[in-house]
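Dumped query-v8.txt below, it's compact mmCIF, C-alpha atoms:
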```txt
# COMPACT_ATOMS: atom_id res chain seq x y z
CA MET A 1 18.33 31.30 101.43
CA PHE A 2 21.01 28.98 102.73
CA LYS A 3 18.51 26.33 103.89
CA ILE A 4 18.99 24.59 100.58
CA PHE A 5 22.45 23.47 101.74
CA LYS A 6 20.94 21.81 104.84
CA GLY A 7 19.23 19.27 102.66
CA PHE A 8 15.58 19.98 103.42
CA TYR A 9 12.78 22.48 103.89
CA LYS A 10 9.30 22.05 105.49
CA THR A 11 5.84 22.79 104.17
CA LYS A 12 2.93 23.83 106.37
CA ASN A 13 1.93 20.19 106.91
CA THR A 14 5.50 19.63 108.27
CA ARG A 15 6.48 17.26 105.44
CA THR A 16 10.24 17.35 104.99
CA VAL A 17 11.30 17.82 101.36
CA PRO A 18 14.82 16.48 100.70
CA LEU A 19 17.45 18.37 98.74
CA LEU A 20 17.34 15.79 95.96
CA GLU A 21 13.67 16.49 95.34
CA ILE A 22 14.31 20.25 95.23
CA LEU A 23 17.07 19.79 92.66
CA THR A 24 14.97 17.33 90.63
CA MET A 25 12.08 19.79 90.45
CA ALA A 26 14.48 22.58 89.48
CA ALA A 27 16.05 20.43 86.74
CA GLU A 28 12.63 19.43 85.34
CA THR A 29 11.53 23.07 85.22
CA LEU A 30 14.71 24.14 83.47
CA TRP A 31 14.58 21.22 81.01
CA SER A 32 11.06 22.12 79.99
CA ASN A 33 12.41 25.53 78.89
CA LYS A 34 15.62 24.38 77.19
CA LEU A 35 16.16 27.41 74.93
CA ARG A 36 15.68 29.91 77.72
CA THR A 37 17.91 27.87 80.03
CA GLY A 38 20.65 27.55 77.40
CA LEU A 39 20.69 31.28 76.67
CA THR A 40 20.80 32.00 80.40
CA MET A 41 23.79 29.68 80.83
CA LEU A 42 25.65 31.21 77.90
CA GLY A 43 26.97 34.19 79.85
CA VAL A 44 28.34 31.95 82.61
CA ILE A 45 29.86 29.52 80.06
CA ILE A 46 31.65 32.32 78.19
CA GLY A 47 32.90 33.94 81.40
CA ILE A 48 34.24 30.77 83.05
CA SER A 49 35.78 29.37 79.85
CA SER A 50 37.47 32.72 79.15
CA VAL A 51 38.96 32.94 82.63
CA ILE A 52 40.34 29.38 82.54
CA ALA A 53 41.57 29.51 78.92
CA ILE A 54 43.27 32.90 79.29
CA THR A 55 44.90 31.92 82.59
CA SER A 56 46.16 28.68 81.05
CA VAL A 57 47.48 30.40 77.91
CA GLY A 58 49.26 33.06 79.98
CA GLN A 59 50.90 30.45 82.22
CA GLY A 60 51.80 28.29 79.22
CA VAL A 61 53.45 31.14 77.32
CA GLN A 62 55.30 32.20 80.45
CA LYS A 63 56.57 28.67 81.10
CA GLY A 64 57.56 28.20 77.45
CA VAL A 65 59.64 31.37 77.32
CA GLU A 66 61.23 30.56 80.69
CA GLN A 67 62.23 27.13 79.37
CA GLN A 68 63.72 28.65 76.22
CA ILE A 69 65.71 31.25 78.14
CA GLN A 70 66.84 28.64 80.66
CA ALA A 71 67.94 26.42 77.77
CA LEU A 72 70.26 29.26 76.75
CA GLY A 73 71.45 29.58 80.35
CA THR A 74 70.09 31.81 83.12
CA ASP A 75 73.62 32.09 84.55
CA VAL A 76 74.81 34.05 81.50
CA ILE A 77 75.57 37.76 81.07
CA GLN A 78 75.44 39.15 77.54
CA ILE A 79 77.62 42.15 76.75
CA LEU A 80 76.61 44.07 73.64
CA ALA A 81 78.64 46.63 71.75
CA GLY A 82 77.53 50.25 71.90
CA ALA A 83 75.30 52.04 69.43
CA ALA A 84 76.80 53.98 66.55
CA ARG A 85 75.55 57.45 65.60
CA SER A 86 74.87 58.83 62.15
CA GLY A 87 74.49 62.58 62.61
CA ASN A 88 72.00 62.95 65.44
CA VAL A 89 70.46 59.52 64.80
CA ARG A 90 71.41 56.75 67.20
CA GLN A 91 71.68 53.30 65.59
CA GLY A 92 70.76 50.04 67.30
CA VAL A 93 72.74 48.42 70.10
CA GLY A 94 75.69 46.47 68.68
CA SER A 95 76.08 48.72 65.64
CA SER A 96 79.35 50.23 66.88
CA SER A 97 82.75 48.49 67.03
CA THR A 98 83.34 49.04 70.75
CA LEU A 99 83.96 45.42 71.77
CA THR A 100 86.81 43.20 70.64
CA TRP A 101 87.84 39.58 70.97
CA GLU A 102 90.69 40.83 73.14
CA ASP A 103 88.10 42.22 75.61
CA ALA A 104 86.63 38.72 75.89
CA LYS A 105 90.07 37.20 76.51
CA ALA A 106 90.76 39.81 79.19
CA ILE A 107 87.47 39.02 80.95
CA ALA A 108 88.29 35.30 80.88
CA THR A 109 91.66 35.87 82.61
CA GLN A 110 90.95 38.87 84.87
CA ALA A 111 87.34 38.43 86.10
CA PRO A 112 87.38 35.71 88.81
CA SER A 113 83.58 35.16 88.73
CA ALA A 114 83.58 34.52 84.98
CA GLN A 115 83.71 30.77 84.45
CA THR A 116 83.47 30.68 80.64
CA VAL A 117 83.66 33.53 78.13
CA SER A 118 82.73 33.53 74.44
CA ALA A 119 82.83 36.28 71.81
CA TYR A 120 80.74 36.34 68.64
CA LEU A 121 80.07 38.23 65.42
CA GLN A 122 76.62 38.23 63.85
CA ARG A 123 75.41 39.08 60.36
CA SER A 124 72.48 38.23 58.09
CA ALA A 125 73.46 36.59 54.82
CA GLN A 126 72.17 34.44 51.96
CA VAL A 127 73.15 30.77 52.11
CA VAL A 128 72.99 28.71 48.90
CA TYR A 129 73.12 24.97 48.18
CA THR A 130 72.58 23.84 44.57
CA GLY A 131 69.13 25.20 43.66
CA GLN A 132 68.06 26.07 47.21
CA ASN A 133 68.79 29.26 49.14
CA THR A 134 67.73 30.89 52.37
CA SER A 135 68.36 34.14 54.21
CA THR A 136 69.61 33.34 57.70
CA THR A 137 71.81 34.61 60.55
CA ILE A 138 75.50 33.78 60.43
CA TYR A 139 77.33 33.58 63.76
CA GLY A 140 81.12 33.75 63.93
CA THR A 141 82.05 32.22 67.27
CA ASP A 142 84.95 30.82 69.25
CA LEU A 143 85.23 27.34 70.80
CA ASN A 144 83.45 28.31 74.05
CA TYR A 145 80.15 29.26 72.43
CA PRO A 146 78.49 25.79 72.68
CA GLU A 147 79.20 25.57 76.41
CA VAL A 148 78.06 29.10 77.21
CA ARG A 149 74.86 28.82 75.14
CA ASN A 150 74.24 25.20 76.15
CA THR A 151 73.86 24.13 72.54
CA HIS A 152 75.83 21.36 70.86
CA PRO A 153 75.90 19.52 67.52
CA GLN A 154 73.49 16.60 67.24
CA GLN A 155 75.24 15.51 64.03
CA GLY A 156 78.90 15.90 63.17
CA ARG A 157 81.06 18.20 65.26
CA TYR A 158 81.96 21.80 66.10
CA PHE A 159 85.08 23.34 64.61
CA THR A 160 88.48 22.84 66.26
CA GLN A 161 91.14 25.23 67.59
CA GLU A 162 93.22 24.60 64.47
CA GLU A 163 90.28 25.52 62.20
CA LEU A 164 89.74 28.66 64.28
CA ASP A 165 93.43 29.60 64.00
CA ILE A 166 93.61 29.22 60.22
CA ALA A 167 90.17 30.75 59.56
CA ALA A 168 88.90 27.53 57.97
CA GLN A 169 85.80 27.71 55.78
CA VAL A 170 83.65 25.24 57.71
CA ALA A 171 80.05 25.62 58.89
CA ILE A 172 77.63 24.09 61.39
CA LEU A 173 73.97 24.43 60.38
CA GLY A 174 70.91 25.04 62.52
CA PRO A 175 68.07 22.47 62.00
CA THR A 176 65.88 24.99 60.15
CA VAL A 177 68.66 25.82 57.67
CA GLN A 178 69.35 22.11 57.18
CA ARG A 179 65.70 21.37 56.35
CA THR A 180 65.43 24.36 54.02
CA LEU A 181 68.57 23.61 52.01
CA PHE A 182 68.73 19.80 52.10
CA GLY A 183 65.24 18.60 52.98
CA GLN A 184 63.93 16.61 55.94
CA GLY A 185 66.16 13.74 57.06
CA VAL A 186 68.98 14.36 54.54
CA ASN A 187 72.51 14.17 55.98
CA PRO A 188 74.39 17.35 54.90
CA LEU A 189 77.76 16.45 56.42
CA GLY A 190 80.57 16.86 53.92
CA GLU A 191 78.45 18.91 51.50
CA ARG A 192 79.47 22.42 50.46
CA ILE A 193 77.27 25.47 50.84
CA ARG A 194 77.99 29.01 49.63
CA ILE A 195 77.91 32.08 51.86
CA GLN A 196 78.37 35.39 50.03
CA GLY A 197 79.77 33.50 47.06
CA GLU A 198 82.39 31.48 49.00
CA ALA A 199 82.25 27.73 49.63
CA TYR A 200 82.02 26.29 53.17
CA GLU A 201 82.11 22.63 54.14
CA VAL A 202 79.26 21.48 56.41
CA ILE A 203 80.78 19.67 59.40
CA GLY A 204 77.81 19.56 61.78
CA VAL A 205 74.15 20.20 62.55
CA MET A 206 73.16 21.80 65.86
CA GLU A 207 70.54 20.36 68.20
CA PRO A 208 67.10 22.02 67.94
CA LYS A 209 66.38 24.90 70.32
CA GLY A 210 63.00 26.09 69.04
CA SER A 211 61.73 29.67 68.84
CA GLN A 212 62.12 32.50 71.32
CA GLY A 213 59.26 34.86 70.52
CA PRO A 214 59.52 35.77 66.81
CA MET A 215 63.14 34.53 66.66
CA ASP A 216 63.80 31.01 65.37
CA ARG A 217 66.94 29.88 67.21
CA ASP A 218 67.33 27.01 64.75
CA ASP A 219 67.58 29.36 61.76
CA GLN A 220 71.31 29.96 62.18
CA VAL A 221 74.69 29.00 60.74
CA PHE A 222 77.91 28.90 62.82
CA ILE A 223 81.40 29.49 61.42
CA PRO A 224 84.77 30.27 63.10
CA LEU A 225 85.05 33.83 64.43
CA THR A 226 88.29 34.40 62.53
CA THR A 227 86.66 33.32 59.26
CA MET A 228 83.71 35.61 59.89
CA SER A 229 85.97 38.55 60.67
CA LYS A 230 88.26 38.11 57.66
CA ARG A 231 85.88 36.97 54.93
CA LEU A 232 82.40 38.29 55.77
CA VAL A 233 82.82 41.39 57.94
CA GLY A 234 86.37 42.67 57.81
CA ASN A 235 88.51 43.83 60.73
CA ASN A 236 86.92 47.20 61.43
CA ALA A 237 88.27 47.74 64.96
CA LEU A 238 91.31 49.96 65.53
CA VAL A 239 92.94 47.22 67.60
CA GLY A 240 92.10 43.51 67.53
CA VAL A 241 89.10 41.65 66.14
CA SER A 242 85.79 43.49 66.42
CA VAL A 243 82.84 41.54 67.86
CA ASN A 244 79.13 42.28 68.30
CA GLY A 245 78.86 40.72 71.72
CA ILE A 246 80.50 38.74 74.51
CA LEU A 247 78.83 36.02 76.58
CA VAL A 248 79.98 35.50 80.17
CA LYS A 249 78.88 32.42 82.11
CA GLY A 250 79.17 32.38 85.88
CA ALA A 251 79.85 29.31 88.00
CA ASN A 252 76.25 29.64 89.24
CA GLN A 253 73.42 32.15 89.24
CA GLU A 254 74.50 33.61 92.59
CA GLN A 255 77.83 34.75 91.11
CA LEU A 256 76.25 36.71 88.28
CA GLU A 257 76.06 39.94 90.27
CA ALA A 258 79.75 39.71 91.17
CA ALA A 259 80.63 38.86 87.56
CA GLN A 260 78.61 41.79 86.29
CA PHE A 261 80.41 44.18 88.63
CA GLN A 262 83.85 42.80 87.68
CA VAL A 263 83.15 42.82 83.94
CA THR A 264 81.77 46.38 84.00
CA ASN A 265 84.80 47.79 85.81
CA LEU A 266 87.26 45.84 83.66
CA LEU A 267 85.71 47.06 80.39
CA ARG A 268 85.62 50.66 81.65
CA LEU A 269 89.33 50.48 82.38
CA ARG A 270 90.14 48.89 79.03
CA HIS A 271 88.03 51.44 77.13
CA ASN A 272 89.28 54.44 79.17
CA ILE A 273 85.80 55.34 80.40
CA TYR A 274 85.63 57.47 83.53
CA PRO A 275 82.68 59.20 85.26
CA PRO A 276 80.59 60.95 84.09
CA GLN A 277 81.23 59.34 80.68
CA ALA A 278 78.63 56.84 79.47
CA ASP A 279 79.57 53.20 78.88
CA ASP A 280 80.14 52.20 75.26
CA PHE A 281 78.68 48.73 75.97
CA ARG A 282 75.56 47.27 77.59
CA LEU A 283 75.18 44.31 79.94
CA THR A 284 72.10 42.10 79.95
CA ASN A 285 71.44 39.48 82.61
CA GLN A 286 69.44 36.45 81.41
CA ALA A 287 67.96 35.92 84.88
CA ASP A 288 66.69 39.51 84.86
CA ILE A 289 65.07 38.89 81.47
CA VAL A 290 63.19 35.87 82.88
CA SER A 291 62.07 37.87 85.92
CA THR A 292 60.94 40.86 83.85
CA PHE A 293 59.08 38.72 81.33
CA THR A 294 57.36 36.76 84.10
CA SER A 295 56.16 40.00 85.70
CA ILE A 296 54.89 41.40 82.40
CA VAL A 297 53.03 38.22 81.43
CA GLY A 298 51.59 37.94 84.94
CA LEU A 299 50.22 41.49 84.86
CA PHE A 300 48.88 41.01 81.34
CA THR A 301 47.15 37.77 82.34
CA VAL A 302 45.54 39.38 85.39
CA MET A 303 44.32 42.29 83.25
CA VAL A 304 42.79 40.04 80.59
CA VAL A 305 41.24 37.72 83.20
CA ALA A 306 39.68 40.75 84.85
CA ILE A 307 38.20 41.76 81.49
CA ALA A 308 36.93 38.21 80.97
CA GLY A 309 35.37 38.40 84.43
CA ILE A 310 33.03 41.05 83.05
CA SER A 311 31.39 38.21 81.12
CA LEU A 312 30.56 36.60 84.45
CA VAL A 313 28.89 39.81 85.62
CA VAL A 314 26.90 39.88 82.39
CA GLY A 315 26.05 36.21 82.89
CA GLY A 316 24.84 36.92 86.42
CA ILE A 317 22.66 39.77 85.18
CA GLY A 318 21.27 37.42 82.54
CA ILE A 319 20.38 34.80 85.16
CA ALA A 320 18.73 37.41 87.38
CA ASN A 321 16.79 38.82 84.43
CA ILE A 322 15.53 35.43 83.24
CA MET A 323 14.60 34.38 86.78
CA LEU A 324 12.64 37.62 87.28
CA VAL A 325 10.78 36.98 84.03
CA SER A 326 10.19 33.40 85.17
CA VAL A 327 8.60 34.63 88.40
CA VAL A 328 6.14 36.74 86.39
CA GLU A 329 5.36 33.85 84.02
CA ARG A 330 4.86 31.38 86.86
CA THR A 331 2.81 33.61 89.17
CA ARG A 332 -0.24 31.33 88.98
CA GLU A 333 1.95 28.24 89.61
CA ILE A 334 3.38 29.92 92.71
CA GLY A 335 -0.14 30.73 93.91
CA ILE A 336 -1.23 27.10 93.51
CA ARG A 337 1.81 25.84 95.43
CA LYS A 338 1.14 28.25 98.27
CA ALA A 339 -2.53 27.27 98.30
CA VAL A 340 -1.66 23.60 98.83
CA GLY A 341 0.71 24.38 101.70
CA ALA A 342 4.09 25.53 100.35
CA THR A 343 5.77 28.04 102.64
CA ASN A 344 7.63 31.19 101.61
CA SER A 345 10.84 29.30 102.41
CA ALA A 346 9.84 26.48 100.05
CA ILE A 347 9.23 28.87 97.15
CA LEU A 348 12.45 30.75 97.94
CA ASN A 349 14.49 27.54 97.93
CA GLN A 350 12.86 26.31 94.71
CA PHE A 351 13.74 29.41 92.68
CA LEU A 352 17.15 29.71 94.29
CA ALA A 353 17.85 26.08 93.39
CA GLU A 354 16.99 26.78 89.74
CA ALA A 355 19.43 29.71 89.62
CA ILE A 356 22.18 27.64 91.25
CA VAL A 357 21.61 24.68 88.89
CA ILE A 358 21.89 27.02 85.90
CA SER A 359 25.13 28.53 87.17
CA ILE A 360 26.74 25.22 88.21
CA VAL A 361 25.89 23.41 84.97
CA GLY A 362 26.99 26.47 82.99
CA GLY A 363 30.17 26.60 85.08
CA LEU A 364 30.96 22.92 84.42
CA ILE A 365 30.43 23.38 80.69
CA GLY A 366 32.52 26.57 80.82
CA MET A 367 35.37 24.82 82.67
CA THR A 368 35.41 21.98 80.13
CA THR A 369 35.32 24.44 77.24
CA GLY A 370 38.10 26.54 78.79
CA VAL A 371 40.39 23.52 79.24
CA LEU A 372 39.68 22.42 75.65
CA LEU A 373 40.40 25.90 74.25
CA ALA A 374 43.64 26.08 76.26
CA PHE A 375 44.73 22.67 74.93
CA ILE A 376 43.97 23.68 71.33
CA ALA A 377 45.89 26.96 71.74
CA ALA A 378 48.89 25.15 73.26
CA SER A 379 48.89 22.61 70.41
CA VAL A 380 48.57 25.21 67.64
CA PHE A 381 51.07 27.76 68.99
CA LYS A 382 53.51 25.19 70.44
CA PHE A 383 53.79 26.24 74.08
CA PRO A 384 53.39 24.06 77.21
CA PHE A 385 49.83 23.10 78.17
CA VAL A 386 49.37 24.30 81.75
CA ILE A 387 46.14 24.10 83.72
CA SER A 388 46.15 25.49 87.22
CA LEU A 389 44.03 23.69 89.81
CA LEU A 390 43.44 27.09 91.37
CA SER A 391 41.79 28.36 88.16
CA ILE A 392 39.48 25.30 88.10
CA ILE A 393 38.49 25.80 91.74
CA ALA A 394 38.06 29.53 91.16
CA GLY A 395 35.85 28.80 88.15
CA PHE A 396 33.59 26.54 90.18
CA VAL A 397 33.36 28.99 93.09
CA LEU A 398 32.63 31.86 90.70
CA SER A 399 29.85 29.96 88.94
CA LEU A 400 28.26 28.99 92.28
CA SER A 401 28.54 32.56 93.54
CA VAL A 402 26.94 33.93 90.37
CA GLY A 403 23.98 31.59 90.86
CA LEU A 404 23.54 32.55 94.49
CA VAL A 405 23.80 36.28 93.93
CA ALA A 406 21.67 36.33 90.77
CA GLY A 407 18.99 34.08 92.25
CA VAL A 408 18.41 35.88 95.54
CA VAL A 409 16.20 38.76 94.38
CA PRO A 410 13.96 36.73 92.00
CA ALA A 411 13.58 33.95 94.59
CA ARG A 412 12.74 36.47 97.30
CA ASN A 413 10.13 38.14 95.06
CA ALA A 414 8.56 34.77 94.28
CA SER A 415 8.41 33.75 97.94
CA LYS A 416 6.60 36.99 98.93
CA LEU A 417 3.79 36.73 96.37
CA ASP A 418 0.33 36.80 97.92
CA PRO A 419 -1.35 33.42 97.09
CA ILE A 420 -4.80 34.99 96.44
CA THR A 421 -3.35 37.61 94.07
CA ALA A 422 -1.19 34.94 92.43
CA LEU A 423 -4.20 32.64 91.79
CA ARG A 424 -6.12 35.49 90.13
CA SER A 425 -3.22 36.10 87.73
CA ASP A 426 -3.70 35.05 84.10
```

Rewritten as structure tokens:
Amino acid sequence: MFKIFKGFYKTKNTRTVPLLEILTMAAETLWSNKLRTGLTMLGVIIGISSVIAITSVGQGVQKGVEQQIQALGTDVIQILAGAARSGNVRQGVGSSSTLTWEDAKAIATQAPSAQTVSAYLQRSAQVVYTGQNTSTTIYGTDLNYPEVRNTHPQQGRYFTQEELDIAAQVAILGPTVQRTLFGQGVNPLGERIRIQGEAYEVIGVMEPKGSQGPMDRDDQVFIPLTTMSKRLVGNNALVGVSVNGILVKGANQEQLEAAQFQVTNLLRLRHNIYPPQADDFRLTNQADIVSTFTSIVGLFTVMVVAIAGISLVVGGIGIANIMLVSVVERTREIGIRKAVGATNSAILNQFLAEAIVISIVGGLIGMTTGVLLAFIAASVFKFPFVISLLSIIAGFVLSLSVGLVAGVVPARNASKLDPITALRSD
């Protein structure tokens, strides 16, 4: 069956038939039965386009999330307060007042691998400006937050040490909050918004960071940590200023493990935690999040691609089925060809060529459709458009393989027909 790739086959009168003629005859036969050919190709088109589109979407989503997490810093450890209990019900992480601003200051001075440390408080609240209002997340932070989170004002400024010390009522808006309250392109600097009934002066607008999963990182408002503690939350720690979390940035990603070890031991000492007592805080490594997410998306993509590959199997069965029917329909034609000198090899190559043409053309259409679907998905859902050359090559090889495998049995049956019996067929 592989003689077709040598470029010729010979009839009984030794005339050499070039590959181009074989393919031309196959194309003419398929074109004369356009509906049947199109339906036969459909399985291959769906299978190849699904494999390429799903692979591209999976890689695009993975790359998009990696970029967003990296924008927040992969060399950052997040320390979250412990979970409070109400009876036998455990609340969410961060619901207990187990971390304080003083813990953050201790980490900054006593953990050598910690380059920059920032503490924060977080609450949901209604923000109002004239007739507009929005429910958003309020962050009370210190001066180190922009550096640790790699996010800075694109308009105006962040608050100063003096404003932090006196618990000034100033606010920096995220781009989403700015658009909601003031409208697109309106400068809000100097305007006053109200948070829980109290007025805050807008002194800046943060640079856009986009979404991380369902979370819009631009739908935020930043105020001084002291202001947040005194006016919105209240000092509910026994000693110091209670915080929901602490961010620790290492000098580089290699120092994160050392920083994590130092921070864990320091907090255990400060909180009087000794084995076998459980920690009243939780550490999360951003680099571990990236690695875990990459693994999950990779496994999910492989699983879905494998499911999509079933379409290719169905497409191959469809090609084999149609080619078998074609052999029955063209029995008399095969008999005439054999009567005028066509060898078994010639008939075999002819039918095999038709199956391969169907699969290759279907594969090309499927690859184009898959790339188009991936581009549309990336544009609509706002993640990077990624097309792997490997997926394109795999698509072509798969479509060629489907044609070869599906065409073998029908072509072999056609080549073995007895010419006398074939000529008597109606």

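Distance check against Ile107 in chain A using all atoms listed in the file: of A:Pro410, A:Gly366, A:Gly341, A:Gly250, the minimum falls on A:Gly250.
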
Quote the spacing between CA of Ile392 in chain A and CA of Val304 in chain A in Å to one decimal place.
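Separation of CA of Ile392 in chain A and CA of Val304 in chain A: 16.9 Å.
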
Measure the distance from CA of Arg412 in chain A to CA of Val44 in chain A in Å and round it to one decimal.
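Going from CA of Arg412 in chain A over to CA of Val44 in chain A covers 21.9 Å.
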
Would you kindly return, as a list of chain:residue names, each protein, DNA or RNA residue with an atom no farther than 9 Å from any atom of range 313-328 of chain A, considering all atoms listed in the file and excluding same-chain residues fewer than 6 positions away?
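Close residues of range 313-328 of chain A: A:Arg36, A:Thr37, A:Leu39, A:Thr40, A:Met41, A:Leu42, A:Gly43, A:Val44, A:Ile45, A:Ile46, A:Gly47, A:Ile334, A:Phe351, A:Glu354, A:Ala355, A:Ile358, A:Ser359, A:Ser399, A:Val402, A:Gly403, A:Val405, A:Ala406, A:Gly407, A:Val408, A:Val409, A:Pro410, A:Ala411, A:Asn413, A:Ala414.
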
Go through A:Leu35, A:Met367, A:Ala53, A:Val243 and flag the residue nearest Ala81 in chain A, using only C-alpha atoms for the distances.
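Among A:Leu35, A:Met367, A:Ala53, A:Val243, it is A:Val243 that comes nearest to Ala81 in chain A.
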
Have a look at A:Gly240, A:Pro419, A:Pro384, A:Gly210 and name the one nearest to Thr100 in chain A; count only C-alpha atoms.
A:Gly240
